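Chemist: Enclosed is the structure file final36.cif (mmCIF, C-alpha atoms).
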data_start
#
loop_
_atom_site.label_atom_id
_atom_site.label_comp_id
_atom_site.auth_asym_id
_atom_site.auth_seq_id
_atom_site.Cartn_x
_atom_site.Cartn_y
_atom_site.Cartn_z
CA MET A 3 0.00 0.00 0.00
CA THR A 4 1.50 3.31 -1.05
CA SER A 5 0.81 6.63 0.59
CA ALA A 6 1.03 10.02 -1.03
CA ILE A 7 4.11 12.04 -0.08
CA PRO A 8 3.26 15.51 1.25
CA ASN A 9 4.26 18.52 -0.86
CA MET A 10 4.63 16.31 -3.97
CA PRO A 11 2.56 16.58 -7.15
CA GLY A 12 -0.59 14.56 -6.79
CA ALA A 13 -0.30 14.39 -3.03
CA GLU A 14 -3.40 15.03 -1.00
CA THR A 15 -3.14 18.10 1.19
CA PRO A 16 -4.28 17.26 4.71
CA ARG A 17 -7.22 19.28 5.82
CA PRO A 18 -6.67 21.46 8.90
CA TRP A 19 -8.37 20.21 11.98
CA ARG A 20 -11.26 22.38 13.10
CA ALA A 21 -12.94 22.20 16.42
CA ARG A 22 -16.67 21.84 16.19
CA LEU A 23 -18.59 24.06 18.54
CA PRO A 24 -21.60 22.58 20.26
CA ARG A 25 -25.03 23.62 19.14
CA GLY A 26 -26.06 26.98 20.49
CA ALA A 27 -22.47 28.09 21.26
CA THR A 28 -22.51 30.75 18.54
CA LEU A 29 -25.86 32.02 19.72
CA GLY A 30 -24.57 32.15 23.28
CA ALA A 31 -21.47 34.09 22.18
CA TYR A 32 -23.59 36.70 20.43
CA ALA A 33 -25.81 36.89 23.51
CA PHE A 34 -22.78 37.79 25.62
CA LEU A 35 -21.68 40.37 23.03
CA LEU A 36 -25.14 41.90 22.67
CA PRO A 37 -24.89 44.41 25.58
CA ALA A 38 -21.54 45.76 24.33
CA LEU A 39 -22.82 45.88 20.74
CA LEU A 40 -25.91 47.80 21.85
CA VAL A 41 -23.79 50.33 23.75
CA VAL A 42 -21.42 50.81 20.80
CA GLY A 43 -24.29 51.11 18.35
CA LEU A 44 -26.33 53.48 20.51
CA PHE A 45 -23.57 55.80 21.71
CA THR A 46 -21.00 55.56 18.89
CA LEU A 47 -22.36 54.40 15.55
CA MET A 48 -25.71 56.18 15.70
CA PRO A 49 -24.20 59.58 16.68
CA ILE A 50 -21.66 59.24 13.87
CA ALA A 51 -24.38 58.45 11.35
CA TYR A 52 -26.53 61.31 12.64
CA ALA A 53 -23.59 63.74 12.46
CA LEU A 54 -22.98 62.75 8.84
CA PHE A 55 -26.67 63.34 8.12
CA VAL A 56 -26.69 66.76 9.81
CA SER A 57 -23.45 67.81 8.05
CA VAL A 58 -25.36 68.18 4.78
CA GLN A 59 -28.39 69.86 6.34
CA LYS A 60 -29.35 73.30 7.56
CA MET A 61 -30.95 72.41 10.87
CA ASP A 62 -32.83 74.27 13.56
CA LEU A 63 -32.42 72.27 16.76
CA VAL A 64 -35.26 74.08 18.52
CA SER A 65 -37.95 73.26 15.98
CA GLY A 66 -36.27 70.20 14.50
CA ARG A 67 -36.65 71.50 10.96
CA HIS A 68 -33.90 70.68 8.51
CA THR A 69 -33.24 71.48 4.88
CA PHE A 70 -30.84 69.61 2.63
CA VAL A 71 -28.01 71.91 1.51
CA GLY A 72 -25.43 69.38 0.30
CA LEU A 73 -21.89 70.69 0.19
CA ARG A 74 -22.89 74.30 0.82
CA ASN A 75 -21.83 73.91 4.47
CA LEU A 76 -18.30 73.08 3.33
CA ALA A 77 -18.35 76.02 0.89
CA TYR A 78 -19.32 78.33 3.74
CA LEU A 79 -16.46 77.03 5.89
CA VAL A 80 -13.94 77.64 3.13
CA GLU A 81 -15.10 81.25 2.85
CA ASP A 82 -15.08 81.82 6.62
CA ASP A 83 -12.02 83.62 8.04
CA LYS A 84 -12.50 81.94 11.41
CA PHE A 85 -12.14 78.52 9.79
CA TRP A 86 -8.74 79.40 8.39
CA ALA A 87 -7.69 80.98 11.69
CA ALA A 88 -8.66 77.78 13.51
CA CYS A 89 -6.86 75.70 10.87
CA ARG A 90 -3.69 77.77 11.22
CA ASN A 91 -3.73 77.71 15.03
CA THR A 92 -4.40 73.97 15.21
CA MET A 93 -1.67 73.10 12.70
CA VAL A 94 0.88 75.25 14.53
CA TYR A 95 -0.22 73.70 17.81
CA VAL A 96 0.23 70.16 16.47
CA ALA A 97 3.58 70.93 14.77
CA VAL A 98 5.05 72.35 17.98
CA VAL A 99 3.51 70.28 20.79
CA VAL A 100 3.71 66.75 19.36
CA PRO A 101 7.49 66.66 18.64
CA LEU A 102 8.31 68.64 21.79
CA GLN A 103 6.37 66.45 24.20
CA THR A 104 7.68 63.28 22.55
CA MET A 105 11.36 64.29 22.73
CA ILE A 106 11.19 65.58 26.30
CA ALA A 107 9.26 62.51 27.48
CA LEU A 108 11.84 60.20 25.87
CA ALA A 109 14.74 62.14 27.37
CA LEU A 110 13.22 62.03 30.86
CA ALA A 111 12.46 58.32 30.54
CA CYS A 112 16.06 57.56 29.53
CA ALA A 113 17.39 59.66 32.41
CA ILE A 114 15.15 57.97 34.99
CA ASN A 115 15.86 54.52 33.55
CA GLY A 116 19.55 54.99 34.44
CA LYS A 117 21.12 54.18 37.75
CA ILE A 118 19.86 57.08 39.84
CA ARG A 119 18.78 57.20 43.44
CA PHE A 120 15.16 57.72 44.47
CA LYS A 121 13.92 56.63 41.03
CA ARG A 122 10.38 55.90 42.20
CA GLY A 123 10.18 59.23 43.98
CA PHE A 124 11.17 61.08 40.79
CA VAL A 125 8.60 59.16 38.74
CA THR A 126 5.85 59.92 41.27
CA LEU A 127 6.79 63.59 41.43
CA LEU A 128 6.94 64.00 37.65
CA PHE A 129 3.65 62.13 37.19
CA LEU A 130 1.66 64.51 39.41
CA PRO A 131 0.72 66.99 36.60
CA THR A 132 -1.05 64.17 34.75
CA LEU A 133 -3.24 63.51 37.78
CA THR A 134 -4.36 67.15 37.82
CA SER A 135 -7.50 67.94 35.83
CA SER A 136 -7.10 69.96 32.67
CA ALA A 137 -9.37 72.72 33.99
CA ALA A 138 -7.36 73.05 37.20
CA MET A 139 -4.10 73.10 35.24
CA THR A 140 -5.46 75.85 32.99
CA MET A 141 -6.48 77.94 36.01
CA ILE A 142 -2.99 77.54 37.48
CA PHE A 143 -1.35 78.75 34.28
CA MET A 144 -3.80 81.65 34.04
CA TRP A 145 -2.83 82.59 37.60
CA LEU A 146 0.86 82.45 36.66
CA PHE A 147 0.64 84.40 33.42
CA ASN A 148 -2.10 86.99 33.96
CA ASN A 149 -1.26 90.67 34.39
CA ASN A 150 -0.74 90.23 38.15
CA GLY A 151 0.69 86.72 37.93
CA LEU A 152 4.00 85.51 39.31
CA VAL A 153 5.72 85.31 35.94
CA VAL A 154 4.67 88.81 34.89
CA ARG A 155 5.68 90.30 38.24
CA PHE A 156 9.04 88.52 38.08
CA LEU A 157 9.73 89.98 34.65
CA GLN A 158 8.68 93.40 35.86
CA GLU A 159 10.95 93.28 38.90
CA GLN A 160 13.98 91.74 37.19
CA PHE A 161 13.90 93.38 33.77
CA GLY A 162 11.54 96.31 34.21
CA HIS A 163 9.33 95.05 31.41
CA SER A 164 6.12 93.06 31.54
CA ILE A 165 4.35 91.03 28.87
CA ASN A 166 0.61 90.63 28.51
CA PHE A 167 0.81 86.89 27.88
CA LEU A 168 -2.93 86.19 27.86
CA GLY A 169 -3.97 89.33 25.99
CA ASP A 170 -1.30 89.38 23.30
CA PRO A 171 -2.06 87.26 20.18
CA GLN A 172 1.64 86.46 19.83
CA TRP A 173 1.80 84.80 23.27
CA ALA A 174 -1.66 83.40 24.02
CA LEU A 175 -1.37 80.25 21.92
CA GLY A 176 2.16 79.67 23.20
CA ILE A 177 0.87 79.59 26.78
CA ILE A 178 -1.60 76.85 25.83
CA MET A 179 1.22 74.93 24.12
CA LEU A 180 3.40 75.19 27.21
CA MET A 181 0.53 74.04 29.40
CA ASN A 182 -0.21 71.02 27.20
CA VAL A 183 3.44 69.97 27.02
CA PHE A 184 3.79 70.28 30.79
CA SER A 185 0.68 68.20 31.48
CA THR A 186 1.18 65.43 28.88
CA ILE A 187 4.92 64.74 29.23
CA PRO A 188 4.55 62.65 32.45
CA HIS A 189 2.10 60.20 30.87
CA PHE A 190 4.25 59.62 27.79
CA MET A 191 7.37 59.47 29.96
CA VAL A 192 5.91 56.52 31.88
CA VAL A 193 5.00 54.83 28.59
CA PHE A 194 8.58 55.24 27.31
CA LEU A 195 9.95 54.08 30.66
CA ALA A 196 7.91 50.88 30.45
CA GLY A 197 9.27 50.28 26.94
CA LEU A 198 12.87 50.87 28.05
CA GLN A 199 12.56 48.33 30.84
CA GLU A 200 11.47 45.69 28.32
CA ILE A 201 14.67 46.05 26.26
CA PRO A 202 17.03 43.10 27.00
CA ALA A 203 20.04 44.15 29.06
CA SER A 204 22.22 41.84 26.96
CA LEU A 205 21.98 44.29 24.05
CA TYR A 206 23.51 47.08 26.13
CA GLU A 207 26.16 44.72 27.53
CA ALA A 208 27.19 43.62 24.04
CA ALA A 209 27.40 47.23 22.87
CA LEU A 210 29.44 48.14 25.94
CA LEU A 211 31.92 45.34 25.17
CA ASP A 212 32.25 46.70 21.64
CA GLY A 213 33.23 50.08 23.07
CA ALA A 214 29.99 51.96 22.41
CA GLY A 215 29.42 55.04 24.55
CA PRO A 216 26.16 56.03 26.28
CA VAL A 217 25.02 58.28 23.42
CA SER A 218 25.79 55.59 20.84
CA ARG A 219 23.99 52.94 22.89
CA HIS A 220 20.97 55.22 23.12
CA TRP A 221 20.72 55.90 19.37
CA GLU A 222 21.65 52.41 18.21
CA ILE A 223 19.66 50.37 20.74
CA SER A 224 17.08 52.37 22.69
CA VAL A 225 15.62 54.43 19.85
CA PRO A 226 15.15 51.50 17.38
CA GLN A 227 13.75 49.23 20.09
CA LEU A 228 11.28 51.94 21.13
CA THR A 229 9.90 52.44 17.61
CA PRO A 230 6.48 50.84 18.38
CA ILE A 231 6.21 52.89 21.58
CA THR A 232 7.20 56.05 19.70
CA CYS A 233 4.54 55.35 17.07
CA TYR A 234 1.92 55.03 19.82
CA VAL A 235 3.06 58.24 21.54
CA LEU A 236 3.11 60.22 18.28
CA THR A 237 -0.32 58.91 17.24
CA MET A 238 -1.98 59.66 20.58
CA GLY A 239 -0.29 63.05 20.79
CA LEU A 240 -1.39 63.87 17.26
CA ILE A 241 -5.03 62.98 17.94
CA GLY A 242 -5.04 64.79 21.28
CA CYS A 243 -3.55 67.99 19.88
CA PHE A 244 -6.02 68.12 17.00
CA GLN A 245 -8.84 67.82 19.54
CA VAL A 246 -7.59 70.47 21.99
CA PHE A 247 -10.57 72.32 23.44
CA ASP A 248 -10.77 72.87 27.18
CA GLN A 249 -7.52 74.82 27.57
CA ALA A 250 -8.41 77.21 24.76
CA PHE A 251 -12.00 77.51 26.00
CA ILE A 252 -11.07 78.39 29.59
CA LEU A 253 -8.15 80.65 28.72
CA SER A 254 -10.13 82.72 26.21
CA GLY A 255 -13.50 82.56 27.97
CA GLY A 256 -14.90 80.51 25.10
CA GLU A 257 -14.24 83.21 22.50
CA GLY A 258 -10.96 81.99 21.00
CA GLY A 259 -9.32 85.37 21.51
CA PRO A 260 -7.42 87.55 21.52
CA GLU A 261 -7.99 88.17 17.80
CA ASN A 262 -8.77 84.47 17.17
CA ALA A 263 -5.24 83.56 18.37
CA THR A 264 -6.50 80.62 20.47
CA LEU A 265 -9.35 79.55 18.20
CA THR A 266 -9.05 75.83 17.42
CA PHE A 267 -11.09 73.40 15.36
CA THR A 268 -12.98 72.01 18.34
CA LEU A 269 -13.63 75.47 19.79
CA LEU A 270 -15.03 76.60 16.44
CA ILE A 271 -17.24 73.51 16.39
CA TYR A 272 -18.55 74.59 19.80
CA HIS A 273 -19.28 78.07 18.43
CA PHE A 274 -21.26 76.71 15.49
CA ALA A 275 -23.10 74.14 17.60
CA PHE A 276 -24.07 76.13 20.71
CA LYS A 277 -23.24 79.82 20.37
CA ASN A 278 -24.62 80.61 16.92
CA TYR A 279 -28.23 80.01 15.98
CA ASN A 280 -29.20 77.53 13.28
CA THR A 281 -25.62 76.46 12.44
CA MET A 282 -25.54 72.90 13.77
CA GLY A 283 -25.01 71.70 10.20
CA LEU A 284 -21.82 73.76 10.00
CA ALA A 285 -20.64 72.26 13.29
CA CYS A 286 -21.15 68.71 12.03
CA ALA A 287 -19.54 69.54 8.68
CA LEU A 288 -16.48 70.91 10.49
CA ALA A 289 -16.41 67.80 12.70
CA VAL A 290 -16.32 65.65 9.57
CA VAL A 291 -13.49 67.79 8.16
CA LEU A 292 -11.55 67.40 11.41
CA THR A 293 -12.06 63.63 11.33
CA VAL A 294 -10.70 63.45 7.79
CA ILE A 295 -7.69 65.59 8.74
CA ILE A 296 -6.87 63.39 11.75
CA PHE A 297 -7.28 60.24 9.65
CA CYS A 298 -4.98 61.54 6.90
CA ALA A 299 -2.39 62.78 9.42
CA THR A 300 -2.36 59.37 11.11
CA LEU A 301 -1.93 57.63 7.76
CA ILE A 302 0.99 59.91 6.88
CA LEU A 303 2.58 59.19 10.25
CA ASN A 304 2.26 55.45 9.73
CA ARG A 305 3.89 55.76 6.30
CA PHE A 306 7.12 56.72 8.06
CA VAL A 307 6.86 54.69 11.28
CA ARG A 308 5.01 51.41 11.47
CA PRO A 309 3.51 50.18 14.74
CA ASP A 310 5.43 46.89 14.44
CA GLY A 311 8.72 48.77 14.59
CA VAL A 312 9.76 48.32 10.95
CA ASN A 313 10.62 51.57 9.16
CA ARG A 314 9.36 51.92 5.62
#
Go through the file and emit its structure as structure tokens.
Modeler:
Amino acid sequence: MTSAIPNMPGAETPRPWRARLPRGATLGAYAFLLPALLVVGLFTLMPIAYALFVSVQKMDLVSGRHTFVGLRNLAYLVEDDKFWAACRNTMVYVAVVVPLQTMIALALACAINGKIRFKRGFVTLLFLPTLTSSAAMTMIFMWLFNNNGLVVRFLQEQFGHSINFLGDPQWALGIIMLMNVFSTIPHFMVVFLAGLQEIPASLYEAALLDGAGPVSRHWEISVPQLTPITCYVLTMGLIGCFQVFDQAFILSGGEGGPENATLTFTLLIYHFAFKNYNTMGLACALAVVLTVIIFCATLILNRFVRPDGVNR
């Protein structure tokens, strides 16, 4: 009796073994998933679908009347000066904050990962700003940088010159950037620190035997090994910066001033949705535009750095 040889012409390919689920197992699995699916559908999918519907309508929320306007909402946004001011402010905010918070968080993580005393105490102390609410952090920075704040009084006493940080369009957005960097660095630092502790010590020992210095070991071992972590940090920072709202809202009193210097995409969405009458369609259209921008920015980021750590 002859048997077919595997991987030879004419040989029968063995069928993969599949476990057979008992009757009703699939139905039971869907029954367990049903509560989560209902929550996702009710609070995620339905609002998204409704926002897409409203984005092409002119809607009055009070009466519920709506009129189909198509792409005229987008045409209005393109002609609106506030839209371009929000676009400019948000892009500058993302371009400055995302690289800055990533580099500082990585540098602090590498420093703490070294052989230093009181490591846990430093981590706890540096992580405190993340535990503070965004509203409270904004109030603290407003107290520091207002006309009677500590920073302004220090400049007045030391240099005889004061700066109106919150009322000057050249400084207002920078204060929000500084606040965001200060409050987000600790979280990303802990993420980088966790990634550094997963790198095998044998890699550093081999590099040390080859005569590599600390800077060389950092660039040749730590940075490549942290590529997936860096991709996560950049992606989350990118999404968070595009969605900045509460700092700009509190600092400007909801107006986006001075002279639209702190007006962001999300703050402009708030204006269209709740401050102006009969412009909910514009708010949803701008929300769709912001979603597309975030999606495209994330795709561009992943063209350069892949989550699996392989550079393209």
Chemist: Could you check which of A:Ile142, A:Leu205, A:Val235, A:Leu198 is closest to Ala113 in chain A, using all atoms listed in the file?
Modeler: A:Leu198
Chemist: List every protein, DNA or RNA residue with an atom no more than 10 Å from (-16.4, 76.5, 14.0) in the file's coordinates, counting all atoms listed in the file, and format the result as a list of chain:residue names.
Modeler: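 Final list of nearby residues, as requested, is A:Leu79, A:Asp82, A:Lys84, A:Phe85, A:Trp86, A:Ala88, A:Leu265, A:Thr266, A:Phe267, A:Thr268, A:Leu269, A:Leu270, A:Ile271, A:Tyr272, A:His273, A:Phe274, A:Ala275, A:Lys277, A:Asn278, A:Thr281, A:Met282, A:Leu284, A:Ala285, A:Cys286, A:Ala287, A:Leu288, A:Ala289.
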Chemist: Taking (-32.4, 80.1, 19.4) as a centre in this file's frame and 10 Å as the limit, can you find every polymer residue with an atom that close, using all atoms listed in the file, and give them as number ranges by chain?
Modeler: A: 62-65, 276-280
Chemist: What would the selection look like, as a JSON list (two decimals) with C-alpha atoms, in the frame of the given file, if the PyMOL selection byres ((chain A and resi 93-105) around 6) were run on the coordinates I just shared?
Modeler:
[["chain", "number", "residue", "atom", "x", "y", "z"],
["A", 90, "ARG", "CA", -3.69, 77.77, 11.22],
["A", 91, "ASN", "CA", -3.73, 77.71, 15.03],
["A", 92, "THR", "CA", -4.40, 73.97, 15.21],
["A", 106, "ILE", "CA", 11.19, 65.58, 26.30],
["A", 107, "ALA", "CA", 9.26, 62.51, 27.48],
["A", 108, "LEU", "CA", 11.84, 60.20, 25.87],
["A", 183, "VAL", "CA", 3.44, 69.97, 27.02],
["A", 187, "ILE", "CA", 4.92, 64.74, 29.23],
["A", 239, "GLY", "CA", -0.29, 63.05, 20.79],
["A", 243, "CYS", "CA", -3.55, 67.99, 19.88]]
Chemist: What does the distance between CA of Glu200 in chain A and CA of Ser224 in chain A come to in Å, to one decimal place?
Modeler: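 Pair CA of Glu200 in chain A / CA of Ser224 in chain A returns 10.4 Å.
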Chemist: Can you list, as a list in words, the residues that the PyMOL selection byres ((chain A and resi 299) around 12) selects here?
Modeler: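 Evaluating the PyMOL selection byres ((chain A and resi 299) around 12) on these coordinates yields Met93, Val96, Ala97, Leu236, Thr237, Met238, Gly239, Leu240, Ile241, Cys243, Phe244, Leu292, Thr293, Val294, Ile295, Ile296, Phe297, Cys298, Thr300, Leu301, Ile302, Leu303, Asn304, Arg305 and Phe306 of chain A.
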Chemist: Point out the residue among A:Tyr206, A:Tyr32, A:Phe156, A:Phe194 with the least atom-to-atom distance to Thr232 in chain A, counting all atoms listed in the file.
Modeler: A:Phe194
Chemist: Can you list, as a PyMOL selection string, every protein, DNA or RNA residue that comes within 9 Å of Gly259 in chain A when you count only C-alpha atoms, leaving out same-chain residues fewer than 5 positions away?
Modeler: chain A and resi 169+171+174+250+253-254+264-265
Chemist: Would you mind listing what lies within 12 Å of Leu168 in chain A as a ChimeraX atom specification, with all atoms listed in the file counted and same-chain residues fewer than 5 positions away left out?
Modeler: /A:140,143-151,153-154,173-178,250,252-255,258-261,263-264
Chemist: How many Å lie between CA of Arg219 in chain A and CA of Leu127 in chain A, rounded to one decimal?
Modeler: 27.4 Å
Chemist: With distances taken over all atoms listed in the file, which of A:Ile165, A:Val193, A:Met179, A:Val291 is nearest to Ala53 in chain A?
Modeler: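 When distances to Ala53 in chain A are compared using all atoms listed in the file, the smallest one comes from A:Val291.
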Chemist: Identify all residues satisfying the PyMOL selection byres ((chain A and resi 60) around 6) in the given file; provide them as a list in words.
Modeler: Gln59, Met61, His68, Thr69 and Gly283 of chain A
Chemist: For the selection just defined, write its residues with C-alpha atoms to a file, as a compact mmCIF listing (two decimals), keeping the file's coordinate frame.
Modeler:
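Contents of part.txt, freshly written:
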# COMPACT_ATOMS: atom_id res chain seq x y z
CA GLN A 59 -28.39 69.86 6.34
CA MET A 61 -30.95 72.41 10.87
CA HIS A 68 -33.90 70.68 8.51
CA THR A 69 -33.24 71.48 4.88
CA GLY A 283 -25.01 71.70 10.20
Chemist: Between A:Leu195, A:Leu152, A:Leu73, A:Leu211, which has the minimum distance to Leu110 in chain A (counting all atoms listed in the file)?
Modeler: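 Closest candidate: A:Leu195.
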Chemist: Calculate how many Å separate CA of Val290 in chain A from CA of Ile50 in chain A, rounding to one decimal.
Modeler: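 Computing it gives 9.4 Å between the two atoms.
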